[in-house]
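Coordinates as given in my_file.txt (compact mmCIF, C-alpha atoms and all ligand atoms):
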# COMPACT_ATOMS: atom_id res chain seq x y z
CA MET A 1 0.00 0.00 0.00
CA SER A 2 1.48 3.40 -0.86
CA GLN A 3 1.39 5.93 1.96
CA PRO A 4 2.01 9.67 2.07
CA LYS A 5 5.71 10.33 2.47
CA GLN A 6 7.75 13.35 3.28
CA PRO A 7 11.32 13.56 1.96
CA PHE A 8 13.40 11.43 4.32
CA ASP A 9 15.67 13.75 6.24
CA GLY A 10 17.36 11.23 8.51
CA LEU A 11 14.84 11.69 11.31
CA THR A 12 13.40 8.49 12.69
CA LEU A 13 10.57 10.35 14.40
CA ASP A 14 9.35 13.77 13.40
CA ILE A 15 6.39 15.23 15.30
CA LYS A 16 5.25 18.66 14.14
CA HIS A 17 2.69 20.93 15.81
CA LEU A 18 0.83 18.04 17.41
CA SER A 19 -2.26 18.92 19.45
CA ILE A 20 -4.50 16.35 21.14
CA ALA A 21 -7.77 16.95 22.99
CA PHE A 22 -10.13 14.91 25.13
CA GLN A 23 -13.84 15.31 24.66
CA THR A 24 -15.27 15.77 28.16
CA ARG A 25 -18.64 16.80 29.57
CA GLN A 26 -17.23 20.31 29.93
CA GLY A 27 -16.23 20.33 26.25
CA SER A 28 -12.95 19.79 24.44
CA VAL A 29 -9.84 19.89 26.66
CA THR A 30 -6.44 20.19 24.97
CA VAL A 31 -3.92 18.02 26.81
CA VAL A 32 -1.11 18.15 24.22
CA ASP A 33 -0.78 21.62 22.78
CA ASP A 34 1.26 22.24 19.63
CA ILE A 35 4.31 20.14 20.41
CA SER A 36 7.13 19.53 17.91
CA LEU A 37 9.74 16.91 18.66
CA ASN A 38 12.17 14.89 16.60
CA ILE A 39 14.56 11.99 17.05
CA GLY A 40 17.46 11.26 14.73
CA LYS A 41 18.62 7.76 13.88
CA GLY A 42 20.37 6.21 16.86
CA GLU A 43 19.48 9.08 19.15
CA ILE A 44 18.12 8.67 22.68
CA VAL A 45 15.74 11.51 23.41
CA GLY A 46 14.12 12.10 26.78
CA VAL A 47 10.75 13.66 27.48
CA ILE A 48 10.50 14.87 31.04
CA GLY A 49 7.73 16.58 32.97
CA GLU A 50 5.48 16.32 35.98
CA SER A 51 2.57 13.93 36.17
CA GLY A 52 -0.22 15.05 33.85
CA SER A 53 2.00 17.07 31.50
CA GLY A 54 0.97 14.99 28.47
CA LYS A 55 4.00 12.74 27.96
CA THR A 56 2.11 9.46 27.64
CA ILE A 57 -0.74 10.83 25.53
CA ALA A 58 1.74 12.32 23.03
CA SER A 59 3.56 8.99 22.72
CA LEU A 60 0.32 7.03 22.33
CA ALA A 61 -0.50 9.19 19.29
CA VAL A 62 2.73 7.95 17.69
CA LEU A 63 1.60 4.37 18.31
CA GLY A 64 -1.93 5.03 17.03
CA MET A 65 -3.20 3.99 20.47
CA LEU A 66 -4.95 7.08 21.81
CA PRO A 67 -7.54 6.27 24.49
CA ARG A 68 -11.23 6.58 23.82
CA GLY A 69 -12.33 10.20 23.80
CA ALA A 70 -8.94 11.54 22.70
CA ARG A 71 -8.48 13.01 19.24
CA VAL A 72 -5.64 14.59 17.28
CA LEU A 73 -6.68 18.19 16.54
CA GLU A 74 -3.76 19.03 14.30
CA GLY A 75 -0.18 18.22 13.49
CA THR A 76 1.83 15.54 11.73
CA VAL A 77 3.83 12.52 12.85
CA HIS A 78 6.33 10.85 10.51
CA LEU A 79 8.33 7.69 11.06
CA SER A 80 11.37 7.67 8.79
CA GLY A 81 9.37 9.79 6.35
CA ASP A 82 6.11 7.81 6.53
CA SER A 83 3.04 9.62 7.83
CA LEU A 84 1.51 7.85 10.84
CA LEU A 85 -1.61 9.94 11.41
CA ASP A 86 -4.78 9.73 9.33
CA GLN A 87 -3.99 6.15 8.44
CA PRO A 88 -6.35 3.20 8.55
CA GLU A 89 -6.22 1.17 11.76
CA SER A 90 -4.74 -1.75 9.79
CA TYR A 91 -1.74 0.40 8.82
CA GLN A 92 -1.14 1.54 12.39
CA ARG A 93 -1.43 -2.05 13.59
CA ALA A 94 1.17 -3.12 11.06
CA ILE A 95 3.59 -0.43 12.31
CA ARG A 96 2.97 -1.12 16.00
CA GLY A 97 5.20 -3.83 17.46
CA ASP A 98 7.08 -3.96 14.17
CA ARG A 99 8.66 -0.60 13.26
CA VAL A 100 7.79 1.01 16.61
CA ALA A 101 7.80 -0.90 19.89
CA LEU A 102 6.54 0.22 23.29
CA ILE A 103 8.20 -0.66 26.57
CA PRO A 104 5.59 0.26 29.17
CA GLN A 105 5.98 1.21 32.80
CA ASP A 106 4.23 -1.82 34.19
CA ALA A 107 5.74 -4.84 32.46
CA LEU A 108 3.69 -7.34 34.46
CA ARG A 109 0.41 -5.78 33.40
CA ALA A 110 1.56 -5.64 29.78
CA LEU A 111 2.50 -9.33 29.74
CA ASN A 112 -0.12 -12.03 29.31
CA PRO A 113 -0.25 -14.03 32.58
CA THR A 114 -1.42 -17.20 30.87
CA LEU A 115 1.22 -17.41 28.14
CA GLN A 116 4.81 -18.62 28.51
CA VAL A 117 7.29 -15.76 28.27
CA GLY A 118 9.14 -17.29 25.32
CA LEU A 119 5.98 -17.41 23.25
CA GLN A 120 5.14 -13.78 24.10
CA VAL A 121 8.61 -12.54 23.22
CA GLY A 122 8.39 -14.32 19.88
CA GLU A 123 4.78 -13.31 19.17
CA PRO A 124 5.58 -10.13 17.17
CA LEU A 125 7.61 -12.28 14.77
CA THR A 126 4.62 -14.54 14.13
CA LEU A 127 2.35 -11.52 13.68
CA HIS A 128 4.60 -9.30 11.55
CA ARG A 129 7.01 -11.73 9.91
CA GLY A 130 4.73 -14.72 9.45
CA ILE A 131 7.21 -17.17 10.98
CA SER A 132 6.10 -20.30 12.81
CA TRP A 133 5.64 -20.44 16.58
CA THR A 134 8.42 -23.03 16.84
CA THR A 135 10.92 -20.76 15.08
CA ALA A 136 9.67 -17.72 17.00
CA ARG A 137 10.26 -19.48 20.31
CA LYS A 138 13.83 -20.32 19.28
CA LYS A 139 14.38 -16.72 18.32
CA ALA A 140 12.84 -15.64 21.64
CA VAL A 141 15.48 -17.61 23.54
CA GLU A 142 18.19 -15.71 21.63
CA LEU A 143 16.45 -12.43 22.37
CA LEU A 144 16.16 -13.25 26.07
CA ARG A 145 19.87 -14.05 26.05
CA SER A 146 20.61 -10.73 24.30
CA VAL A 147 18.89 -8.83 27.13
CA GLU A 148 21.15 -10.70 29.54
CA LEU A 149 18.53 -12.91 31.11
CA ARG A 150 20.15 -15.93 32.75
CA ASP A 151 19.10 -19.43 31.71
CA PRO A 152 17.01 -18.16 28.80
CA GLU A 153 16.23 -21.64 27.47
CA GLN A 154 14.58 -22.59 30.76
CA ARG A 155 13.10 -19.13 31.44
CA ALA A 156 11.36 -19.10 28.07
CA ASP A 157 8.99 -21.80 29.32
CA GLU A 158 8.08 -19.92 32.50
CA TYR A 159 5.14 -17.58 33.06
CA PRO A 160 5.44 -13.84 33.82
CA HIS A 161 4.63 -14.20 37.54
CA GLN A 162 7.74 -16.40 37.90
CA PHE A 163 9.89 -13.43 36.84
CA SER A 164 11.15 -10.59 39.06
CA GLY A 165 10.22 -7.02 38.07
CA GLY A 166 13.59 -6.48 36.38
CA MET A 167 13.29 -9.77 34.48
CA GLN A 168 9.77 -8.88 33.33
CA GLN A 169 11.07 -5.55 32.05
CA ARG A 170 13.90 -7.35 30.21
CA ALA A 171 11.33 -9.69 28.65
CA MET A 172 9.33 -6.66 27.44
CA ILE A 173 12.49 -5.18 25.96
CA ALA A 174 13.33 -8.51 24.28
CA MET A 175 9.83 -8.57 22.80
CA GLY A 176 10.21 -4.99 21.64
CA LEU A 177 13.50 -5.82 19.94
CA SER A 178 12.26 -8.95 18.17
CA THR A 179 11.37 -7.15 14.93
CA GLU A 180 14.36 -4.78 15.09
CA PRO A 181 12.19 -1.66 15.26
CA GLU A 182 13.41 1.75 14.13
CA LEU A 183 11.98 3.33 17.26
CA LEU A 184 11.59 2.14 20.84
CA ILE A 185 9.24 4.13 23.05
CA ALA A 186 10.00 3.54 26.72
CA ASP A 187 7.35 5.05 29.00
CA GLU A 188 8.80 5.23 32.53
CA PRO A 189 10.12 1.68 32.16
CA THR A 190 12.24 1.80 35.30
CA THR A 191 10.04 3.56 37.87
CA ALA A 192 8.86 0.28 39.42
CA LEU A 193 12.40 -1.10 39.72
CA ASP A 194 14.95 -0.69 42.47
CA VAL A 195 17.94 1.52 41.72
CA THR A 196 20.43 -1.23 40.81
CA VAL A 197 18.04 -2.99 38.46
CA GLN A 198 17.04 0.38 37.02
CA ALA A 199 20.71 1.10 36.18
CA GLN A 200 21.01 -2.31 34.48
CA VAL A 201 17.95 -1.64 32.31
CA LEU A 202 19.31 1.79 31.31
CA ASP A 203 22.65 0.16 30.37
CA LEU A 204 20.78 -2.37 28.31
CA LEU A 205 18.90 0.32 26.40
CA ARG A 206 22.14 2.18 25.70
CA ASN A 207 23.74 -1.04 24.41
CA ILE A 208 20.77 -1.64 22.14
CA ARG A 209 21.20 1.81 20.63
CA ASP A 210 24.95 1.35 20.23
CA THR A 211 24.58 -2.08 18.64
CA HIS A 212 21.53 -1.62 16.42
CA GLY A 213 21.30 2.13 15.89
CA THR A 214 17.78 2.03 17.39
CA SER A 215 16.25 5.43 18.14
CA ILE A 216 14.75 5.66 21.61
CA LEU A 217 12.08 7.96 23.02
CA PHE A 218 12.45 7.80 26.79
CA ILE A 219 9.63 9.20 28.92
CA THR A 220 10.34 9.91 32.57
CA HIS A 221 9.92 12.33 35.41
CA ASP A 222 13.40 11.55 36.70
CA LEU A 223 16.09 14.00 35.64
CA GLY A 224 18.78 11.67 36.97
CA VAL A 225 17.73 9.06 34.42
CA VAL A 226 17.79 11.66 31.65
CA ALA A 227 21.33 12.66 32.68
CA THR A 228 22.64 9.11 32.50
CA LEU A 229 20.87 7.94 29.36
CA CYS A 230 19.74 10.66 26.96
CA ASP A 231 21.45 12.69 24.24
CA ARG A 232 18.75 15.38 24.08
CA VAL A 233 15.75 16.19 26.19
CA TYR A 234 12.39 17.92 25.82
CA VAL A 235 10.90 19.38 28.99
CA MET A 236 7.08 19.31 29.00
CA TYR A 237 4.83 21.34 31.23
CA SER A 238 1.04 21.24 31.16
CA GLY A 239 0.77 19.96 27.58
CA ALA A 240 3.52 22.08 26.01
CA ILE A 241 7.26 21.86 25.48
CA VAL A 242 8.93 24.59 27.54
CA GLU A 243 12.59 23.82 26.86
CA GLU A 244 14.59 21.50 24.62
CA GLY A 245 18.25 20.85 23.95
CA PRO A 246 21.28 18.63 24.40
CA VAL A 247 21.30 17.11 27.88
CA GLU A 248 24.57 18.72 28.96
CA GLN A 249 23.19 22.15 27.92
CA ILE A 250 19.95 21.68 29.82
CA PHE A 251 21.84 20.65 32.96
CA SER A 252 24.58 23.25 32.79
CA ASN A 253 22.40 26.11 31.61
CA PRO A 254 18.69 25.52 32.28
CA SER A 255 16.98 28.54 30.78
CA HIS A 256 13.30 28.02 31.57
CA PRO A 257 12.31 28.64 35.20
CA TYR A 258 10.40 25.34 35.22
CA THR A 259 13.52 23.40 34.17
CA ARG A 260 15.46 25.21 36.87
CA GLY A 261 12.82 24.24 39.37
CA LEU A 262 13.05 20.60 38.30
CA LEU A 263 16.82 20.65 38.72
CA ASP A 264 16.57 22.26 42.14
CA ALA A 265 14.09 19.58 43.17
CA THR A 266 16.32 16.69 42.02
CA PRO A 267 18.80 15.56 44.66
CA ARG A 268 20.83 13.16 42.57
CA VAL A 269 21.56 15.82 39.97
CA HIS A 270 21.88 18.97 41.96
CA GLY A 271 23.71 18.61 45.22
CA THR A 272 22.35 17.09 48.38
CA LEU A 273 18.97 16.69 49.96
CA THR A 274 19.49 19.83 52.02
CA GLY A 275 19.53 21.89 48.80
CA LEU A 276 16.14 20.57 47.67
CA LYS A 277 13.60 23.18 46.71
CA PRO A 278 10.28 21.85 45.49
CA ILE A 279 8.43 23.98 42.94
CA PRO A 280 5.58 25.70 44.80
CA GLY A 281 2.04 25.07 43.59
CA GLN A 282 0.72 22.44 41.20
CA ILE A 283 0.55 21.85 37.48
CA PRO A 284 -2.72 23.49 36.34
CA LEU A 285 -5.54 21.32 35.07
CA PRO A 286 -5.71 21.52 31.26
CA ASP A 287 -8.90 23.62 31.40
CA ALA A 288 -7.51 26.05 34.02
CA ARG A 289 -4.17 27.17 32.59
CA PRO A 290 -3.08 30.77 33.15
CA VAL A 291 -3.24 33.12 30.17
CA GLY A 292 0.05 33.36 28.24
CA CYS A 293 2.85 31.36 29.80
CA ARG A 294 1.24 28.36 31.50
CA PHE A 295 3.98 28.24 34.16
CA SER A 296 3.54 31.90 35.11
CA ASP A 297 1.37 31.27 38.20
CA ARG A 298 4.18 29.20 39.78
CA CYS A 299 7.12 31.21 38.48
CA ALA A 300 9.24 33.41 40.73
CA PHE A 301 10.32 35.48 37.70
CA ALA A 302 6.87 36.09 36.16
CA GLY A 303 5.82 39.61 35.21
CA ALA A 304 3.24 41.34 33.01
CA GLU A 305 5.09 40.30 29.83
CA CYS A 306 4.37 36.65 30.69
CA ARG A 307 0.66 37.10 29.92
CA GLN A 308 1.48 36.57 26.25
CA THR A 309 2.37 33.34 24.49
CA PRO A 310 6.06 32.82 25.28
CA PRO A 311 8.51 33.25 22.39
CA ALA A 312 10.96 30.52 21.33
CA VAL A 313 14.29 31.84 22.54
CA THR A 314 17.40 30.16 21.12
CA VAL A 315 19.92 29.97 23.95
CA GLN A 316 22.49 28.08 21.89
CA GLU A 317 22.21 26.10 18.69
CA GLY A 318 19.70 23.32 19.36
CA HIS A 319 18.87 24.68 22.82
CA VAL A 320 15.56 26.55 22.90
CA ALA A 321 13.59 27.86 25.88
CA TYR A 322 10.00 29.06 25.55
CA CYS A 323 10.28 31.92 28.01
CA VAL A 324 10.38 35.66 27.40
CA LYS A 325 12.99 35.94 30.18
CA ALA A 326 15.22 33.05 29.10
CA LEU A 327 18.25 35.19 28.30
CA GLU A 328 17.88 37.35 31.43
CA LEU A 329 17.82 34.17 33.50
CA GLU A 330 20.98 33.02 31.79
CA LEU A 331 22.76 36.17 32.95
CA GLU A 332 21.61 35.49 36.48
CA ALA A 333 22.85 31.91 36.48
N1 LIG A 401 -8.78 8.94 29.46
C1 LIG A 401 -8.64 10.25 29.76
N2 LIG A 401 -9.71 11.10 29.80
C2 LIG A 401 -9.56 12.40 30.09
N3 LIG A 401 -8.38 13.00 30.32
C3 LIG A 401 -7.29 12.21 30.31
C4 LIG A 401 -7.34 10.79 30.02
N4 LIG A 401 -6.08 10.28 30.06
C5 LIG A 401 -5.28 11.33 30.34
N5 LIG A 401 -5.98 12.48 30.49
C6 LIG A 401 -5.44 13.80 30.79
O1 LIG A 401 -4.42 14.11 29.84
C7 LIG A 401 -3.38 14.84 30.47
C8 LIG A 401 -2.07 14.20 30.10
O2 LIG A 401 -2.01 12.89 30.62
P1 LIG A 401 -0.74 11.95 30.42
O3 LIG A 401 -1.14 10.61 30.89
O4 LIG A 401 -0.23 12.06 29.03
O5 LIG A 401 0.31 12.59 31.42
P2 LIG A 401 1.79 12.12 31.76
O6 LIG A 401 2.68 13.28 31.49
O7 LIG A 401 2.10 10.85 31.04
O8 LIG A 401 1.71 11.87 33.32
P3 LIG A 401 2.37 10.74 34.27
O9 LIG A 401 3.76 11.23 34.57
O10 LIG A 401 1.50 10.70 35.46
O11 LIG A 401 2.38 9.44 33.50
C9 LIG A 401 -3.68 14.83 31.95
O12 LIG A 401 -4.18 16.11 32.30
C10 LIG A 401 -4.72 13.78 32.13
O13 LIG A 401 -5.60 14.14 33.16
MG MG A 402 2.51 8.94 31.65

Just dump the structure as structure tokens.
Amino acid sequence: MSQPKQPFDGLTLDIKHLSIAFQTRQGSVTVVDDISLNIGKGEIVGVIGESGSGKTIASLAVLGMLPRGARVLEGTVHLSGDSLLDQPESYQRAIRGDRVALIPQDALRALNPTLQVGLQVGEPLTLHRGISWTTARKKAVELLRSVELRDPEQRADEYPHQFSGGMQQRAMIAMGLSTEPELLIADEPTTALDVTVQAQVLDLLRNIRDTHGTSILFITHDLGVVATLCDRVYVMYSGAIVEEGPVEQIFSNPSHPYTRGLLDATPRVHGTLTGLKPIPGQIPLPDARPVGCRFSDRCAFAGAECRQTPPAVTVQEGHVAYCVKALELELEA
């Protein structure tokens, strides 16, 4: 089937001006508001932001898996040049689990409790490559070995509840890798794991990128994880991107007050627990955002000029902050 293409520019994922709304009893509520985000081949890109900022909903649009009641209002999403929106469900199903794989937060819930792990890991190959279950199971054992699961031959015959949390997450990653996807979307895949296991899973993801050139979209609210894993990061706040840039830039020179607040509230990145300063207030509900800059009601630097839509201020090449005061803040840093 021929699909609309855009000239391939080396970007694995290219989201432009994407807006998504939920239809509620109160009317339409925009939860993702005009976001643009791209990922080059072999790049690991983080999306960070507080709970409710729209990280998961934006990624579900890429997978064609928006929940009931949610609708794309505008924007485009391309995977290696192929348009993913406005496609028949059959097309999105063919992409999902083949060219794009999701590693969810809760691996146990995502796994089928009644099916042996080896069969689940090999299932995408039977669905998308038409290979037999016997061959898929053999391949699954190799995949489980590649994610450094011990005794993969024996483990393949076990059920998910016989696996620890870290092993379940490895099994999900093995399943995601089975079709050698261009893009892995990892939605908080390590939040349920203890710190040591979390570090092992991050190492594994980095190895996958280094070995296969896989592009990875990594969603988290943990800046420490972004610092150890990602090349670039997008900071989301209340449905919008407020700052984006190379990770070292964002950490050394955060130029949006919200990003600064996140850094100040993150012990592992910014000094010790004694230096912790939580951001006062709460993320506004999507239907109760302040006029202009949506962070202005929590921002120590806000003034009258913040009542207008914030401009995109280029701090350095590739580093952009959506704040009218971004350059003033830089001077203060
Ligand atoms: N099924 C739904 N119906 C109505 N609103 C929803 C639904 N699912 C999510 N939302 C709203 O969409 C917004 C974005 O939610 P989303 O799950 O993308 O946030 P998130 O950044 O992934 O948060 P978290 O860090 O908690 O996972 C939130 O305001 C949420 O309340
Ligand atoms: Mg989420």

Work out how far CA of His17 in chain A is from CA of Glu328 in chain A, in Å to one decimal.
27.3 Å

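With distances restricted to all atoms listed in the file, A:Leu66 is the closest residue to ligand LIG 401 (chain A) from A:Ile103, A:Leu66, A:Leu204, A:Leu13.
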
Residues within 10 Å of Ile250 in chain A, all atoms listed in the file, excluding chain neighbours under 2 positions, as a ChimeraX atom specification:
/A:227,232-235,243-248,252-256,259-260,263,319-321

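One finds CA of His78 in chain A at 12.0 Å from CA of Arg99 in chain A.
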
Within 10 Å of (6.7, 34.5, 33.0), only C-alpha atoms: residues as a ChimeraX atom specification?
/A:256-257,292-310,322-326

For Leu177 in chain A, list every protein, DNA or RNA residue within 8 Å, evaluated using only C-alpha atoms, and leave out those in the same chain fewer than 4 positions away; present the list as number ranges by chain.
A: 101, 143, 173, 181

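Counting all atoms listed in the file and comparing A:Asp14, A:Glu89, A:Thr114, A:Gly69, the residue that lies closest to Val31 in chain A is A:Gly69.
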
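Closest to ligand MG 402 (chain A) among A:Gln105, A:Ser164, A:Ser36, A:Ser80 is A:Gln105, based on only C-alpha atoms and all ligand atoms.
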
Pick from A:Val45, A:Thr179, A:Leu73, A:Met167: nearest to Ala94 in chain A, with all atoms listed in the file counted?
A:Thr179

Enumerate as a PyMOL selection string the residues within 10 Å of ligand LIG 401 (chain A), counting all atoms listed in the file.
chain A and resi 20-24+28-32+47-60+66-70+105+187-188+219-222+236-239+283-287

May I have the residues from that selection written out with C-alpha atoms, as a PDB file, in the frame of the given file?
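Just written: part-v3.pdb:
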ATOM      1  CA  ILE A  20      -4.500  16.350  21.140  1.00  0.00           C
ATOM      2  CA  ALA A  21      -7.770  16.950  22.990  1.00  0.00           C
ATOM      3  CA  PHE A  22     -10.130  14.910  25.130  1.00  0.00           C
ATOM      4  CA  GLN A  23     -13.840  15.310  24.660  1.00  0.00           C
ATOM      5  CA  THR A  24     -15.270  15.770  28.160  1.00  0.00           C
ATOM      6  CA  SER A  28     -12.950  19.790  24.440  1.00  0.00           C
ATOM      7  CA  VAL A  29      -9.840  19.890  26.660  1.00  0.00           C
ATOM      8  CA  THR A  30      -6.440  20.190  24.970  1.00  0.00           C
ATOM      9  CA  VAL A  31      -3.920  18.020  26.810  1.00  0.00           C
ATOM     10  CA  VAL A  32      -1.110  18.150  24.220  1.00  0.00           C
ATOM     11  CA  VAL A  47      10.750  13.660  27.480  1.00  0.00           C
ATOM     12  CA  ILE A  48      10.500  14.870  31.040  1.00  0.00           C
ATOM     13  CA  GLY A  49       7.730  16.580  32.970  1.00  0.00           C
ATOM     14  CA  GLU A  50       5.480  16.320  35.980  1.00  0.00           C
ATOM     15  CA  SER A  51       2.570  13.930  36.170  1.00  0.00           C
ATOM     16  CA  GLY A  52      -0.220  15.050  33.850  1.00  0.00           C
ATOM     17  CA  SER A  53       2.000  17.070  31.500  1.00  0.00           C
ATOM     18  CA  GLY A  54       0.970  14.990  28.470  1.00  0.00           C
ATOM     19  CA  LYS A  55       4.000  12.740  27.960  1.00  0.00           C
ATOM     20  CA  THR A  56       2.110   9.460  27.640  1.00  0.00           C
ATOM     21  CA  ILE A  57      -0.740  10.830  25.530  1.00  0.00           C
ATOM     22  CA  ALA A  58       1.740  12.320  23.030  1.00  0.00           C
ATOM     23  CA  SER A  59       3.560   8.990  22.720  1.00  0.00           C
ATOM     24  CA  LEU A  60       0.320   7.030  22.330  1.00  0.00           C
ATOM     25  CA  LEU A  66      -4.950   7.080  21.810  1.00  0.00           C
ATOM     26  CA  PRO A  67      -7.540   6.270  24.490  1.00  0.00           C
ATOM     27  CA  ARG A  68     -11.230   6.580  23.820  1.00  0.00           C
ATOM     28  CA  GLY A  69     -12.330  10.200  23.800  1.00  0.00           C
ATOM     29  CA  ALA A  70      -8.940  11.540  22.700  1.00  0.00           C
ATOM     30  CA  GLN A 105       5.980   1.210  32.800  1.00  0.00           C
ATOM     31  CA  ASP A 187       7.350   5.050  29.000  1.00  0.00           C
ATOM     32  CA  GLU A 188       8.800   5.230  32.530  1.00  0.00           C
ATOM     33  CA  ILE A 219       9.630   9.200  28.920  1.00  0.00           C
ATOM     34  CA  THR A 220      10.340   9.910  32.570  1.00  0.00           C
ATOM     35  CA  HIS A 221       9.920  12.330  35.410  1.00  0.00           C
ATOM     36  CA  ASP A 222      13.400  11.550  36.700  1.00  0.00           C
ATOM     37  CA  MET A 236       7.080  19.310  29.000  1.00  0.00           C
ATOM     38  CA  TYR A 237       4.830  21.340  31.230  1.00  0.00           C
ATOM     39  CA  SER A 238       1.040  21.240  31.160  1.00  0.00           C
ATOM     40  CA  GLY A 239       0.770  19.960  27.580  1.00  0.00           C
ATOM     41  CA  ILE A 283       0.550  21.850  37.480  1.00  0.00           C
ATOM     42  CA  PRO A 284      -2.720  23.490  36.340  1.00  0.00           C
ATOM     43  CA  LEU A 285      -5.540  21.320  35.070  1.00  0.00           C
ATOM     44  CA  PRO A 286      -5.710  21.520  31.260  1.00  0.00           C
ATOM     45  CA  ASP A 287      -8.900  23.620  31.400  1.00  0.00           C
TER      46      ASP A 287
END

Using all atoms listed in the file, find all polymer residues with an atom at most 8 Å away from the point (6.3, -0.5, 17.1); report them as a ChimeraX atom specification.
/A:63,95-102,176,181,183-184

Missing atoms in range 313-327 of chain A need filling: write out N, CA, C and O atoms for it as a CSV table (one decimal), in the coordinates of the input.
chain,number,residue,atom,x,y,z
A,313,VAL,N,13.0,31.1,22.4
A,313,VAL,CA,14.3,31.8,22.5
A,313,VAL,C,15.4,30.8,22.4
A,313,VAL,O,15.5,29.9,23.1
A,314,THR,N,16.3,31.1,21.3
A,314,THR,CA,17.4,30.2,21.1
A,314,THR,C,18.5,30.6,22.1
A,314,THR,O,19.1,31.7,22.0
A,315,VAL,N,18.9,29.7,23.0
A,315,VAL,CA,19.9,30.0,24.0
A,315,VAL,C,21.3,29.6,23.3
A,315,VAL,O,22.2,30.4,23.4
A,316,GLN,N,21.3,28.5,22.7
A,316,GLN,CA,22.5,28.1,21.9
A,316,GLN,C,21.9,27.2,20.8
A,316,GLN,O,20.8,26.8,20.9
A,317,GLU,N,22.7,26.9,19.8
A,317,GLU,CA,22.2,26.1,18.7
A,317,GLU,C,21.6,24.8,19.2
A,317,GLU,O,22.3,24.1,20.0
A,318,GLY,N,20.4,24.5,18.9
A,318,GLY,CA,19.7,23.3,19.4
A,318,GLY,C,19.1,23.4,20.8
A,318,GLY,O,18.5,22.5,21.2
A,319,HIS,N,19.4,24.5,21.5
A,319,HIS,CA,18.9,24.7,22.8
A,319,HIS,C,17.9,25.8,22.8
A,319,HIS,O,18.3,27.0,22.6
A,320,VAL,N,16.6,25.5,23.0
A,320,VAL,CA,15.6,26.6,22.9
A,320,VAL,C,14.7,26.5,24.2
A,320,VAL,O,14.4,25.5,24.7
A,321,ALA,N,14.5,27.7,24.7
A,321,ALA,CA,13.6,27.9,25.9
A,321,ALA,C,12.4,28.7,25.5
A,321,ALA,O,12.6,29.8,24.8
A,322,TYR,N,11.2,28.3,25.9
A,322,TYR,CA,10.0,29.1,25.6
A,322,TYR,C,9.7,29.9,26.7
A,322,TYR,O,8.8,29.6,27.5
A,323,CYS,N,10.4,31.0,26.9
A,323,CYS,CA,10.3,31.9,28.0
A,323,CYS,C,10.8,33.3,27.6
A,323,CYS,O,11.9,33.4,27.1
A,324,VAL,N,10.0,34.3,27.8
A,324,VAL,CA,10.4,35.7,27.4
A,324,VAL,C,11.6,36.1,28.2
A,324,VAL,O,12.4,37.0,27.7
A,325,LYS,N,11.9,35.5,29.3
A,325,LYS,CA,13.0,35.9,30.2
A,325,LYS,C,14.2,35.0,30.1
A,325,LYS,O,15.1,35.1,30.9
A,326,ALA,N,14.2,34.1,29.1
A,326,ALA,CA,15.2,33.0,29.1
A,326,ALA,C,16.6,33.6,29.1
A,326,ALA,O,17.5,33.1,29.9
A,327,LEU,N,16.9,34.7,28.4
A,327,LEU,CA,18.2,35.2,28.3
A,327,LEU,C,18.6,36.0,29.6
A,327,LEU,O,19.8,35.9,30.0
